[in-house]
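Asker: I have a structure here, written as structure tokens, and I will follow up with some questions on it.
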Number of protein chains: 2
Amino acid sequence: MNSSDKQGGVTDRKIPNSVIKRLPLYHRYLCQLMRQKVDRISSQKLAGELGLTASQIRQDLNYFGNFGMRGYGYNVKELHNEIAQIIGLKEQRQLVIVGAGRLGRVLIDYPDFKEMGFYFRALFDNDPELIGREINGKKIYNIARLEQYLQENRIDIGVITTPPEPAREIAEILVNGGVKGIWNFAPTTFNFDQEQVVVENVCIGESLFTLTCRIKEQIERVENILG
Amino acid sequence: MNSSDKQGGVTDRKIPNSVIKRLPLYHRYLCQLMRQKVDRISSQKLAGELGLTASQIRQDLNYFGNFGMRGYGYNVKELHNEIAQIIGLKEQRQLVIVGAGRLGRVLIDYPDFKEMGFYFRALFDNDPELIGREINGKKIYNIARLEQYLQENRIDIGVITTPPEPAREIAEILVNGGVKGIWNFAPTTFNFDQEQVVVENVCIGESLFTLTCRIKEQIERVENILG
């Protein structure tokens, strides 16, 4: 099945994780350009706006097909559609959130997700103050009902926004309930057999570290120039 | 200044961005191990817990120095300290948040940041309902006061958690006010001259895309096996 035939479509190309991580950045910026009725963009301009180098852009976009033309740049709409297809934005995915605190509510309110095909179905919590309330039209259920809910509803992705202690146990309930992926925001790291379920452990501060490292590099560069 | 002398310390080694992005993941997990009084760990074990391959781990950790020993694994504490130094956790950084909505409040409440040397000093908003209130002991000021505040206080990093429309203008006020970095959560992408300021455009959904891509890959792999 793994032919290297260029006509073989997206699924035949193995895209490195480092490139996949930049897809949402490209996708968002291409959406912006489409709203501004921009038809094409050069790799230099893309690089400048996204804080990458032009050669990195060209290398990344080579994975998605042959959209760049010398002296013309990239066709914004074609590139956007290809990236959307790779991310799988045209498929719908059902999600539940476990943990109805502030972060859970940030996620369920986030405007972009629905248009990208991610549907939050319900929230779960153990706080009696929260159980039975609604956020953004979605009900908060007692966490004790999670197992049964997963039996009755096909859920693709479970989102964990609880404190660290219960996170692993919740993840096991989600896995037994048949989710294919876990998006874990709890400040603890775990994993399952990849054949069974895919886990993304999210660290809110990740990009703050990246920023800090880049500031440090920049200061050192200036100090070197100044001698 | 850029000697390749192995004794030259962290700042002499150029670490790729893809590796830098994994530092917080390593850092968090090593903290967990230290709390559990674990002294050493093999690359296989690290890989399993973090969802990476053992060879990726070995490659990454080579950037940080020679901590791995065949048949022994990695010294947890030494590795932790080296990573903390690279991230610059031992230096203190002053931050302000512009946008005191849910996301701004998630960030200012986040327990890990302070112990990592990130100090949130104040929030700014234009909502009269919010101005003058306090969150987590930090005051919410009128956004009209941001420029003056930056003149009177040395702020390293500005965090933007507003809607997309005002984000670029706020970023300019922050840059003119002397910040070295901008951590932008507003759903819009922009950049400045890197000599002047470093920008990290954050997309909350980024890791959800990564997760989705990995689920897709996994399903295709299983389908291929089943024929």
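Chain labels follow the order of the structure tokens: the first chain is A, the next B, and so on; residue numbering restarts at 1 in every chain, and ligands are counted from 1 in their shown order.
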Apply DSSP to the backbone of this structure and, from range 128-226 of chain B, keep only the residues in alpha helix (DSSP H); write these as an MDAnalysis selection string.
Answerer: chainID B and resid 146:152 167:176 206:226
Asker: Applying 10 Å and only C-alpha atoms, which residues near Gly51 in chain A remain after dropping the ones on its own chain fewer than 2 positions away? List them as a list of chain:residue names.
Answerer: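 The filter keeps A:Lys45, A:Leu46, A:Ala47, A:Gly48, A:Glu49, A:Thr53, A:Ala54, B:Thr189, B:Phe190, B:Asn191, B:Phe192, B:Asp193, B:Gln194, B:Val198, B:Val199, B:Glu200, B:Asn201.
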Asker: Write a file of the selected residues as a PDB file, in the first residue's frame, keeping C-alpha atoms.
Answerer:
ATOM      1  CA  LYS A  45       6.125  36.516   2.838  1.00  0.00           C
ATOM      2  CA  LEU A  46       4.789  33.359   4.533  1.00  0.00           C
ATOM      3  CA  ALA A  47       8.091  32.969   6.365  1.00  0.00           C
ATOM      4  CA  GLY A  48       8.071  36.578   7.595  1.00  0.00           C
ATOM      5  CA  GLU A  49       4.528  36.390   8.950  1.00  0.00           C
ATOM      6  CA  THR A  53      12.638  30.699   7.318  1.00  0.00           C
ATOM      7  CA  ALA A  54      11.677  30.611   3.642  1.00  0.00           C
TER       8      ALA A  54
ATOM      9  CA  THR B 189      -0.933  35.527  13.449  1.00  0.00           C
ATOM     10  CA  PHE B 190       1.647  38.322  13.273  1.00  0.00           C
ATOM     11  CA  ASN B 191       5.337  38.878  13.604  1.00  0.00           C
ATOM     12  CA  PHE B 192       7.924  41.593  14.179  1.00  0.00           C
ATOM     13  CA  ASP B 193      11.517  42.032  13.214  1.00  0.00           C
ATOM     14  CA  GLN B 194      13.258  39.306  15.233  1.00  0.00           C
ATOM     15  CA  VAL B 198      10.420  37.423  19.573  1.00  0.00           C
ATOM     16  CA  VAL B 199       6.785  36.342  18.990  1.00  0.00           C
ATOM     17  CA  GLU B 200       5.201  32.970  19.735  1.00  0.00           C
ATOM     18  CA  ASN B 201       1.779  32.679  18.088  1.00  0.00           C
TER      19      ASN B 201
END
Asker: Give me the residues of range 95-122 of chain B that have any atom at most 8 Å from an atom of range 97-105 of chain A; for each, the nearest atom pair and the distance in Å, rounded to one decimal. Use only C-alpha atoms, sort by chain and number, and format it as a tab-separated table.
Answerer:
residue	atom	partner	partner_atom	distance
B:Arg102	CA	A:Arg102	CA	6.4
B:Leu103	CA	A:Leu103	CA	7.2
B:Arg105	CA	A:Arg102	CA	8.0
B:Val106	CA	A:Leu103	CA	6.2
Asker: Which of these residues is nearest to Pro163 in chain A, using only C-alpha atoms: A:Gln196, A:Asn126, A:Asn136, A:Asn176?
Answerer: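 Nearest candidate to Pro163 in chain A out of A:Gln196, A:Asn126, A:Asn136, A:Asn176: A:Asn126.
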Asker: Taking 4 positions as the minimum chain separation for residues in the same chain, which residues sit within 12 Å of Trp183 in chain A when counting only C-alpha atoms? Answer as a PyMOL selection string.
Answerer: (chain A and resi 95-98+104+107+156-162+167+170-171+174-175+179+187+189-191+197-203) or (chain B and resi 204-212+214-215)
Asker: For Ile131 in chain A, which of A:Phe118, A:Arg145, A:Thr188, A:Leu61 is the closest residue, counting only C-alpha atoms?
Answerer: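 The closest residue to Ile131 in chain A is A:Arg145.
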Asker: Hey, can you check how far CA of Met34 in chain A sits from CA of Lys21 in chain A?
Answerer: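 Value for the CA of Met34 in chain A-CA of Lys21 in chain A distance: 21.4 Å.
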Asker: Hey, can you check how far CA of Ile87 in chain A sits from CA of Pro24 in chain A?
Answerer: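 Going from CA of Ile87 in chain A over to CA of Pro24 in chain A covers 8.4 Å.
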Asker: Just to confirm, what's the straight-line distance from CA of Asn224 in chain B to CA of Ile86 in chain A in Å (one decimal)?
Answerer: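 Going from CA of Asn224 in chain B over to CA of Ile86 in chain A covers 18.2 Å.
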